[in-house]
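Below is start-v9.txt, which holds compact mmCIF, C-alpha atoms.
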```txt
# COMPACT_ATOMS: atom_id res chain seq x y z
CA MET A 1 32.84 4.62 3.76
CA SER A 2 29.26 5.80 3.35
CA GLU A 3 26.50 3.48 2.16
CA PRO A 4 25.31 3.58 -1.46
CA LEU A 5 22.96 6.38 -2.53
CA ILE A 6 19.76 5.05 -4.11
CA LEU A 7 17.34 6.98 -6.31
CA GLY A 8 13.82 5.54 -6.09
CA ILE A 9 11.14 6.21 -8.71
CA GLU A 10 7.45 5.36 -8.30
CA THR A 11 4.79 5.64 -11.03
CA SER A 12 2.43 2.70 -10.50
CA CYS A 13 -0.81 4.67 -10.40
CA ASP A 14 -1.46 8.42 -10.15
CA GLU A 15 1.50 9.65 -8.08
CA THR A 16 4.88 10.42 -9.56
CA GLY A 17 7.39 9.91 -6.76
CA ALA A 18 11.16 10.33 -6.55
CA ALA A 19 13.31 9.92 -3.45
CA LEU A 20 16.94 9.58 -2.36
CA VAL A 21 17.91 7.07 0.33
CA ARG A 22 21.33 6.29 1.78
CA GLY A 23 21.24 3.07 3.78
CA ARG A 24 18.11 3.47 5.89
CA GLU A 25 18.23 7.27 5.89
CA LEU A 26 15.80 9.23 3.74
CA LEU A 27 17.46 12.31 2.25
CA ALA A 28 14.62 13.60 0.06
CA ASP A 29 11.13 12.53 -1.01
CA VAL A 30 9.10 14.44 -3.62
CA THR A 31 5.66 13.48 -4.94
CA ALA A 32 3.51 14.97 -7.70
CA SER A 33 -0.08 13.73 -7.71
CA SER A 34 -2.69 13.85 -10.47
CA MET A 35 -5.49 13.02 -8.02
CA ASP A 36 -7.37 16.28 -8.69
CA GLU A 37 -7.52 15.43 -12.39
CA HIS A 38 -9.25 12.13 -11.63
CA ALA A 39 -11.69 13.41 -9.00
CA ARG A 40 -14.30 14.55 -11.52
CA TYR A 41 -14.41 11.02 -12.96
CA GLY A 42 -14.85 9.37 -9.55
CA GLY A 43 -11.82 7.13 -10.08
CA ILE A 44 -8.43 6.75 -11.73
CA VAL A 45 -8.39 7.18 -15.52
CA PRO A 46 -5.29 5.31 -16.78
CA GLU A 47 -4.70 7.55 -19.79
CA VAL A 48 -4.87 10.69 -17.66
CA ALA A 49 -2.47 9.17 -15.14
CA SER A 50 0.05 8.19 -17.84
CA ARG A 51 0.05 11.67 -19.37
CA ALA A 52 0.52 13.24 -15.94
CA HIS A 53 3.57 11.04 -15.32
CA LEU A 54 5.07 12.15 -18.63
CA GLU A 55 4.70 15.77 -17.59
CA THR A 56 5.98 15.43 -14.03
CA PHE A 57 8.69 12.74 -14.26
CA VAL A 58 11.69 14.99 -14.95
CA PRO A 59 10.63 17.88 -12.66
CA THR A 60 9.99 15.44 -9.79
CA VAL A 61 13.36 13.70 -10.13
CA ASP A 62 15.09 17.08 -10.38
CA ALA A 63 13.29 18.35 -7.29
CA ALA A 64 14.32 15.28 -5.28
CA LEU A 65 17.97 15.62 -6.29
CA GLU A 66 17.89 19.30 -5.37
CA ALA A 67 16.25 18.61 -2.01
CA ALA A 68 18.91 16.00 -1.20
CA ARG A 69 21.64 18.35 -2.42
CA VAL A 70 23.15 15.75 -4.72
CA ASP A 71 23.69 15.43 -8.46
CA LEU A 72 22.46 12.58 -10.61
CA GLY A 73 26.08 11.50 -11.01
CA ASP A 74 26.31 10.97 -7.23
CA VAL A 75 23.64 8.26 -7.33
CA ASP A 76 24.98 4.70 -6.96
CA ALA A 77 21.87 2.82 -8.13
CA ILE A 78 18.37 3.48 -9.43
CA ALA A 79 15.28 1.59 -8.27
CA VAL A 80 11.94 1.84 -10.08
CA THR A 81 8.53 0.27 -9.67
CA ALA A 82 8.18 -2.43 -12.33
CA GLY A 83 4.80 -3.71 -11.06
CA PRO A 84 2.12 -4.29 -10.08
CA GLY A 85 0.12 -1.27 -11.22
CA LEU A 86 -1.37 0.42 -14.28
CA VAL A 87 0.61 -0.65 -17.32
CA GLY A 88 0.74 2.83 -18.85
CA SER A 89 1.89 4.46 -15.65
CA LEU A 90 4.48 1.75 -15.03
CA THR A 91 5.80 2.13 -18.57
CA VAL A 92 6.49 5.84 -18.11
CA GLY A 93 8.46 5.27 -14.91
CA VAL A 94 10.42 2.27 -16.15
CA ALA A 95 11.28 3.96 -19.46
CA GLY A 96 12.47 7.06 -17.61
CA ALA A 97 14.52 5.02 -15.14
CA LYS A 98 16.11 3.04 -17.98
CA ALA A 99 17.11 6.30 -19.66
CA LEU A 100 18.71 7.59 -16.46
CA ALA A 101 20.53 4.29 -15.88
CA LEU A 102 21.80 4.18 -19.46
CA ALA A 103 22.93 7.80 -19.37
CA THR A 104 24.78 7.46 -16.05
CA GLY A 105 25.97 3.85 -16.28
CA LYS A 106 24.36 3.11 -12.90
CA PRO A 107 22.74 -0.25 -12.05
CA LEU A 108 18.96 -0.45 -12.32
CA TYR A 109 16.60 -2.41 -10.07
CA GLY A 110 13.00 -3.03 -11.14
CA VAL A 111 11.15 -3.67 -7.88
CA ASN A 112 7.77 -4.72 -6.53
CA HIS A 113 5.48 -1.86 -5.55
CA VAL A 114 3.57 -3.82 -2.89
CA ILE A 115 6.73 -5.00 -1.11
CA GLY A 116 7.93 -1.39 -1.20
CA HIS A 117 4.95 -0.45 1.00
CA ALA A 118 6.44 -2.67 3.70
CA ALA A 119 10.08 -1.76 3.04
CA VAL A 120 9.51 1.95 3.68
CA ASP A 121 9.00 1.24 7.39
CA GLU A 122 12.77 0.72 7.77
CA LEU A 123 13.26 4.42 7.07
CA VAL A 124 11.15 5.22 10.13
CA HIS A 125 11.61 2.43 12.68
CA GLY A 126 15.00 1.02 11.70
CA ALA A 127 16.11 -2.45 10.69
CA PHE A 128 13.51 -5.21 10.50
CA PRO A 129 13.62 -8.24 12.81
CA GLU A 130 14.70 -11.59 11.35
CA ARG A 131 11.11 -12.56 10.57
CA PHE A 132 7.86 -10.57 10.54
CA VAL A 133 4.40 -10.45 9.01
CA ALA A 134 3.50 -7.56 6.71
CA LEU A 135 -0.07 -6.46 6.07
CA VAL A 136 -0.18 -4.30 2.94
CA VAL A 137 -3.52 -2.57 2.44
CA SER A 138 -4.25 -0.04 -0.28
CA GLY A 139 -6.72 0.92 -2.97
CA GLY A 140 -5.57 -1.92 -5.19
CA HIS A 141 -4.03 -4.48 -2.84
CA THR A 142 -4.81 -6.26 0.41
CA SER A 143 -2.13 -8.85 1.14
CA LEU A 144 -0.53 -10.72 4.02
CA LEU A 145 3.17 -11.45 3.59
CA LEU A 146 5.60 -13.53 5.66
CA VAL A 147 9.00 -11.84 5.43
CA ASP A 148 12.30 -13.47 6.33
CA ASN A 149 14.28 -10.90 4.37
CA ILE A 150 12.66 -7.91 2.65
CA ALA A 151 15.11 -8.24 -0.27
CA THR A 152 15.20 -12.00 -0.76
CA GLY A 153 12.63 -13.84 1.36
CA VAL A 154 9.01 -12.76 0.91
CA ARG A 155 6.17 -15.30 0.90
CA GLN A 156 2.54 -14.49 0.31
CA LEU A 157 0.21 -15.94 2.94
CA GLY A 158 -3.03 -14.47 1.67
CA GLN A 159 -4.70 -11.77 -0.37
CA THR A 160 -8.09 -10.35 -1.23
CA LEU A 161 -10.18 -12.58 -3.47
CA ASP A 162 -12.15 -9.61 -4.81
CA ASP A 163 -12.12 -5.95 -3.71
CA ALA A 164 -9.15 -4.47 -1.88
CA ALA A 165 -9.89 -2.71 1.41
CA GLY A 166 -9.21 0.76 0.04
CA GLU A 167 -11.30 0.05 -3.05
CA ALA A 168 -14.22 -1.04 -0.86
CA PHE A 169 -13.94 2.19 1.13
CA ASP A 170 -14.06 4.27 -2.04
CA LYS A 171 -17.17 2.40 -3.22
CA VAL A 172 -18.93 2.83 0.12
CA GLY A 173 -17.99 6.50 0.00
CA ARG A 174 -19.86 6.79 -3.31
CA LEU A 175 -22.87 4.99 -1.80
CA LEU A 176 -22.93 7.58 0.98
CA GLY A 177 -22.52 10.49 -1.43
CA LEU A 178 -19.02 11.40 -0.21
CA PRO A 179 -16.32 13.00 -2.41
CA TYR A 180 -13.65 10.95 -4.19
CA PRO A 181 -11.46 9.40 -2.94
CA GLY A 182 -13.92 8.03 -0.42
CA GLY A 183 -11.51 6.38 2.02
CA PRO A 184 -10.48 9.42 4.08
CA HIS A 185 -14.03 10.80 4.08
CA VAL A 186 -15.53 7.49 5.26
CA ASP A 187 -12.86 7.32 7.97
CA ARG A 188 -13.68 10.79 9.27
CA LEU A 189 -17.43 10.17 9.15
CA ALA A 190 -17.01 6.84 10.96
CA GLN A 191 -15.40 8.58 13.90
CA THR A 192 -18.72 10.35 14.58
CA GLY A 193 -20.83 7.18 14.38
CA ASP A 194 -21.52 4.12 16.54
CA PRO A 195 -19.53 1.09 15.33
CA GLY A 196 -21.94 -1.24 17.13
CA ALA A 197 -25.16 0.21 15.74
CA ILE A 198 -25.07 -1.86 12.54
CA ARG A 199 -23.21 -5.16 12.31
CA PHE A 200 -22.05 -5.86 8.80
CA PRO A 201 -20.67 -9.28 7.70
CA ARG A 202 -17.01 -10.30 8.05
CA GLY A 203 -15.95 -12.14 4.91
CA LEU A 204 -14.07 -15.48 5.11
CA SER A 205 -14.02 -15.30 8.92
CA THR A 206 -16.22 -18.16 10.07
CA GLY A 207 -16.76 -21.87 9.49
CA LYS A 208 -15.41 -23.58 6.37
CA ASP A 209 -14.51 -20.25 4.76
CA LYS A 210 -12.13 -19.48 7.61
CA VAL A 211 -10.56 -22.95 7.41
CA ARG A 212 -10.10 -22.79 3.63
CA HIS A 213 -8.96 -19.18 3.57
CA PRO A 214 -7.26 -18.45 6.91
CA TYR A 215 -5.31 -15.48 5.55
CA ASP A 216 -7.40 -14.43 2.55
CA PHE A 217 -9.85 -11.52 2.49
CA SER A 218 -13.14 -10.76 0.77
CA PHE A 219 -14.86 -7.38 0.90
CA SER A 220 -17.30 -7.68 -1.99
CA GLY A 221 -20.04 -9.17 0.19
CA LEU A 222 -19.51 -6.48 2.80
CA LYS A 223 -19.79 -3.76 0.17
CA THR A 224 -23.02 -5.36 -1.12
CA ALA A 225 -24.43 -5.54 2.42
CA VAL A 226 -23.81 -1.81 2.86
CA ALA A 227 -25.48 -1.10 -0.48
CA ARG A 228 -28.53 -3.16 0.48
CA TYR A 229 -28.78 -1.40 3.83
CA VAL A 230 -28.64 2.04 2.23
CA GLU A 231 -31.17 1.02 -0.45
CA GLY A 232 -33.49 -0.35 2.25
CA CYS A 233 -33.46 2.96 4.10
CA GLU A 234 -34.18 4.86 0.91
CA ASP A 235 -37.00 2.50 -0.14
CA ARG A 236 -38.67 2.99 3.26
CA GLY A 237 -38.29 6.74 3.00
CA GLU A 238 -35.95 6.81 6.01
CA ALA A 239 -32.85 8.95 6.41
CA VAL A 240 -29.66 6.94 5.97
CA PRO A 241 -27.68 6.98 9.26
CA ALA A 242 -24.50 7.70 7.31
CA ALA A 243 -22.20 8.02 10.32
CA ASP A 244 -23.34 4.70 11.79
CA VAL A 245 -23.10 3.01 8.38
CA ALA A 246 -19.54 4.29 7.98
CA ALA A 247 -18.63 3.24 11.51
CA GLY A 248 -20.11 -0.25 11.17
CA PHE A 249 -18.44 -0.75 7.80
CA SER A 250 -15.07 0.51 9.09
CA GLU A 251 -15.30 -1.78 12.10
CA ALA A 252 -15.98 -4.81 9.89
CA VAL A 253 -12.96 -4.11 7.68
CA ALA A 254 -10.58 -3.37 10.56
CA ASP A 255 -11.83 -6.42 12.49
CA VAL A 256 -11.04 -8.85 9.66
CA LEU A 257 -7.71 -7.26 8.73
CA THR A 258 -6.33 -7.22 12.26
CA ALA A 259 -7.69 -10.64 13.26
CA LYS A 260 -6.10 -12.40 10.28
CA ALA A 261 -2.83 -10.47 10.47
CA LEU A 262 -2.33 -11.24 14.16
CA ALA A 263 -3.34 -14.88 13.65
CA ALA A 264 -0.60 -15.09 11.00
CA CYS A 265 1.91 -13.64 13.47
CA GLN A 266 1.02 -16.22 16.11
CA THR A 267 0.99 -19.16 13.70
CA HIS A 268 4.38 -18.29 12.21
CA GLY A 269 6.09 -17.27 15.44
CA CYS A 270 6.45 -13.57 14.61
CA ASP A 271 6.44 -10.90 17.28
CA THR A 272 6.28 -8.01 14.80
CA LEU A 273 3.53 -6.88 12.44
CA VAL A 274 4.36 -4.24 9.83
CA VAL A 275 1.38 -2.46 8.28
CA GLY A 276 1.77 -0.42 5.09
CA GLY A 277 -0.10 0.93 2.09
CA GLY A 278 -2.52 3.82 1.67
CA PHE A 279 -5.25 2.25 3.75
CA SER A 280 -2.92 1.91 6.73
CA ALA A 281 -3.71 5.59 7.31
CA ASN A 282 -7.19 4.49 8.47
CA SER A 283 -7.69 5.51 12.09
CA ARG A 284 -9.74 2.50 13.17
CA LEU A 285 -7.28 0.03 11.63
CA ARG A 286 -4.40 1.69 13.48
CA ALA A 287 -6.23 1.74 16.80
CA LEU A 288 -7.56 -1.83 16.63
CA ALA A 289 -4.23 -3.25 15.46
CA ALA A 290 -2.43 -1.61 18.39
CA GLU A 291 -5.07 -2.74 20.88
CA ARG A 292 -5.14 -6.38 19.79
CA ALA A 293 -1.39 -6.65 19.27
CA GLU A 294 -0.72 -5.45 22.81
CA GLN A 295 -2.95 -8.25 24.13
CA HIS A 296 -0.75 -10.82 22.35
CA GLY A 297 2.64 -9.22 23.01
CA ILE A 298 3.12 -8.32 19.35
CA THR A 299 4.79 -5.11 18.20
CA VAL A 300 2.98 -3.16 15.48
CA ARG A 301 5.02 -0.96 13.16
CA ILE A 302 3.04 1.49 11.03
CA PRO A 303 4.88 4.38 9.36
CA PRO A 304 3.54 7.95 9.50
CA ILE A 305 0.72 8.73 7.09
CA ARG A 306 3.04 10.54 4.65
CA TYR A 307 4.71 7.19 3.90
CA CYS A 308 1.47 5.23 3.53
CA THR A 309 0.40 6.51 0.13
CA ASP A 310 2.48 5.81 -2.99
CA ASN A 311 5.86 7.55 -2.86
CA GLY A 312 9.42 7.31 -4.10
CA ALA A 313 10.78 6.67 -0.60
CA MET A 314 9.30 3.18 -0.48
CA ILE A 315 10.96 2.24 -3.78
CA ALA A 316 14.30 3.73 -2.76
CA ALA A 317 14.07 1.84 0.56
CA LEU A 318 13.50 -1.47 -1.21
CA GLY A 319 16.27 -0.70 -3.69
CA SER A 320 18.60 0.06 -0.80
CA ALA A 321 17.76 -3.30 0.81
CA LEU A 322 18.52 -5.10 -2.45
CA VAL A 323 21.88 -3.34 -2.79
CA ARG A 324 22.78 -4.17 0.83
CA GLU A 325 22.03 -7.84 0.13
CA GLY A 326 24.26 -7.80 -2.95
CA ALA A 327 21.36 -8.61 -5.29
CA ALA A 328 22.16 -8.52 -8.98
CA PRO A 329 20.67 -5.54 -10.81
CA SER A 330 17.93 -5.91 -13.38
CA SER A 331 18.60 -5.98 -17.09
CA LEU A 332 18.12 -2.76 -19.03
CA ASP A 333 15.42 -4.53 -21.02
CA LEU A 334 13.41 -5.29 -17.88
CA PRO A 335 9.66 -5.44 -18.55
CA THR A 336 6.76 -3.92 -16.67
CA ASP A 337 4.36 -6.39 -15.08
CA SER A 338 0.96 -5.02 -14.08
CA GLY A 339 0.21 -8.29 -12.26
CA MET A 340 3.61 -8.91 -10.69
CA PRO A 341 3.46 -11.78 -8.16
CA LEU A 342 3.93 -10.60 -4.60
CA GLU A 343 6.77 -13.04 -3.98
CA THR A 344 8.81 -11.38 -6.74
CA VAL A 345 10.89 -8.65 -5.08
CA ARG A 346 12.70 -7.56 -8.23
CA VAL A 347 12.67 -8.43 -11.93
```
Structure re-expressed in structure tokens:
Amino acid sequence: MSEPLILGIETSCDETGAALVRGRELLADVTASSMDEHARYGGIVPEVASRAHLETFVPTVDAALEAARVDLGDVDAIAVTAGPGLVGSLTVGVAGAKALALATGKPLYGVNHVIGHAAVDELVHGAFPERFVALVVSGGHTSLLLVDNIATGVRQLGQTLDDAAGEAFDKVGRLLGLPYPGGPHVDRLAQTGDPGAIRFPRGLSTGKDKVRHPYDFSFSGLKTAVARYVEGCEDRGEAVPAADVAAGFSEAVADVLTAKALAACQTHGCDTLVVGGGFSANSRLRALAAERAEQHGITVRIPPIRYCTDNGAMIAALGSALVREGAAPSSLDLPTDSGMPLETVRV
């Protein structure tokens, strides 16, 4: 007997995603992005994102079903992002998923977007080990999770106390005059610079701060240090060494992320680190994580870049894990929660 077929729906920010997963096999994954509509504003406009979801929800779900060569009636369960995220965007996705569940009589699972970023790795690298550490890094989230079971046993070890890593990259991109979103542009520019030319601060990484916040992150001070450096160059009439600034900034972020993630692995006896989220596409983070993990005998699992940004596959993967564990479905009156706690897998 084949495993249940799960439809996953993602609308937490500016991507409308729909995917079909059977067990740990991805059958189809379709994403419609409104990124171009936000670029002229230099950031996500919630109202624009919500309207884009309204326009693309049905076509995206239809395209995923067609790509998987299944009908909606073939689906065994529906999983949808219930939080965290933009409340308007979440509302469109949850309302649409409720309608589909009500029309088909299929169980509905409202799931956690951040945990989905870790869950998607099972579609690429297979079943997770009994225990692992997950580092989820994106434009809105930077979190360290201890996972005993992706469906039932997730504990938050630490998180950012201010800016997320991806958010900091976008802000530094603006400081350097790069297009939005800044993350990919800063990453490419950094590859042409000298990471040792400018040493920027590493937040919560020394002294009492490290003791009090062993697994927490702070990038606000780093962002301010970059701003002051750029302003200093401009005040002195000097050209800003943009490539070196980008490289030094990238090195500082990757240094802190990998050091704390691997320390968590060692402290909690985990030999596997799973990295997910949009910022896991960053080239320096990938390289430094692999380099340091090898020194400590830790396996690093990072999915291909196509699975790093928001997508329906990650939600379908988490929904599939919940169904495998026999978790009870959500109620049809399930709420959205823009600030959903990271230890809440489903609502």
- prompt: Skipping near chain neighbours, those fewer than 6 positions away, what residues fall within 9 Å of Gly158 (chain A) using all atoms listed in the file, listed as a PyMOL selection string?
  reply: chain A and resi 142-145+213-217
message: Please compute the CA of Val256 (chain A)-CA of Thr81 (chain A) distance, one decimal, in Å.
response: 29.0 Å
statement: Judged by only C-alpha atoms, the minimum distance to Val45 (chain A) among A:Thr258, A:Ser89, A:Ser2, A:Thr272 is found for A:Ser89
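Of the residues listed (A:Thr16, A:Gly182, A:Ile298, A:Ala263), A:Ala263 shows the shortest atom-to-atom separation from Lys210 (chain A); distances use all atoms listed in the file.
Closest approach to Pro129 (chain A) from the set A:Leu204, A:Leu90, A:Val274, A:Val230 is made by A:Val274, with distances taken over all atoms listed in the file.
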message: Counting only C-alpha atoms, which residue out of A:Ile6, A:Glu122, A:Ala264, A:Ala97 sits closest to Leu157 (chain A)?
response: A:Ala264
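The point (10.0, 4.7, 3.7) has these residues within 6 Å of it when all atoms listed in the file are used: Val120, Asp121, Leu123, Tyr307, Ala313, Met314 and Ala317 of chain A.
Counting from CA of Asp255 (chain A), the distance to CA of Asn282 (chain A) is 12.5 Å.
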- request: Do a neighbour search on region 321-336 of chain A at 10 Å with only C-alpha atoms, toss out local chain neighbours closer than 4 positions, and write the hits as a ChimeraX atom specification.
  value: /A:3-6,23-24,76-79,81-95,97-99,101-102,106-111,119,122,149-152,315-317,340,345-347
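Atom pair CA of Arg174 (chain A) / CA of Val186 (chain A) has a distance of 9.6 Å (rounded to one decimal).
Among the candidate residues A:Cys308, A:Leu273, A:Ala281, A:Val58, the one lying nearest to Arg131 (chain A) is A:Leu273, with distances computed using only C-alpha atoms.
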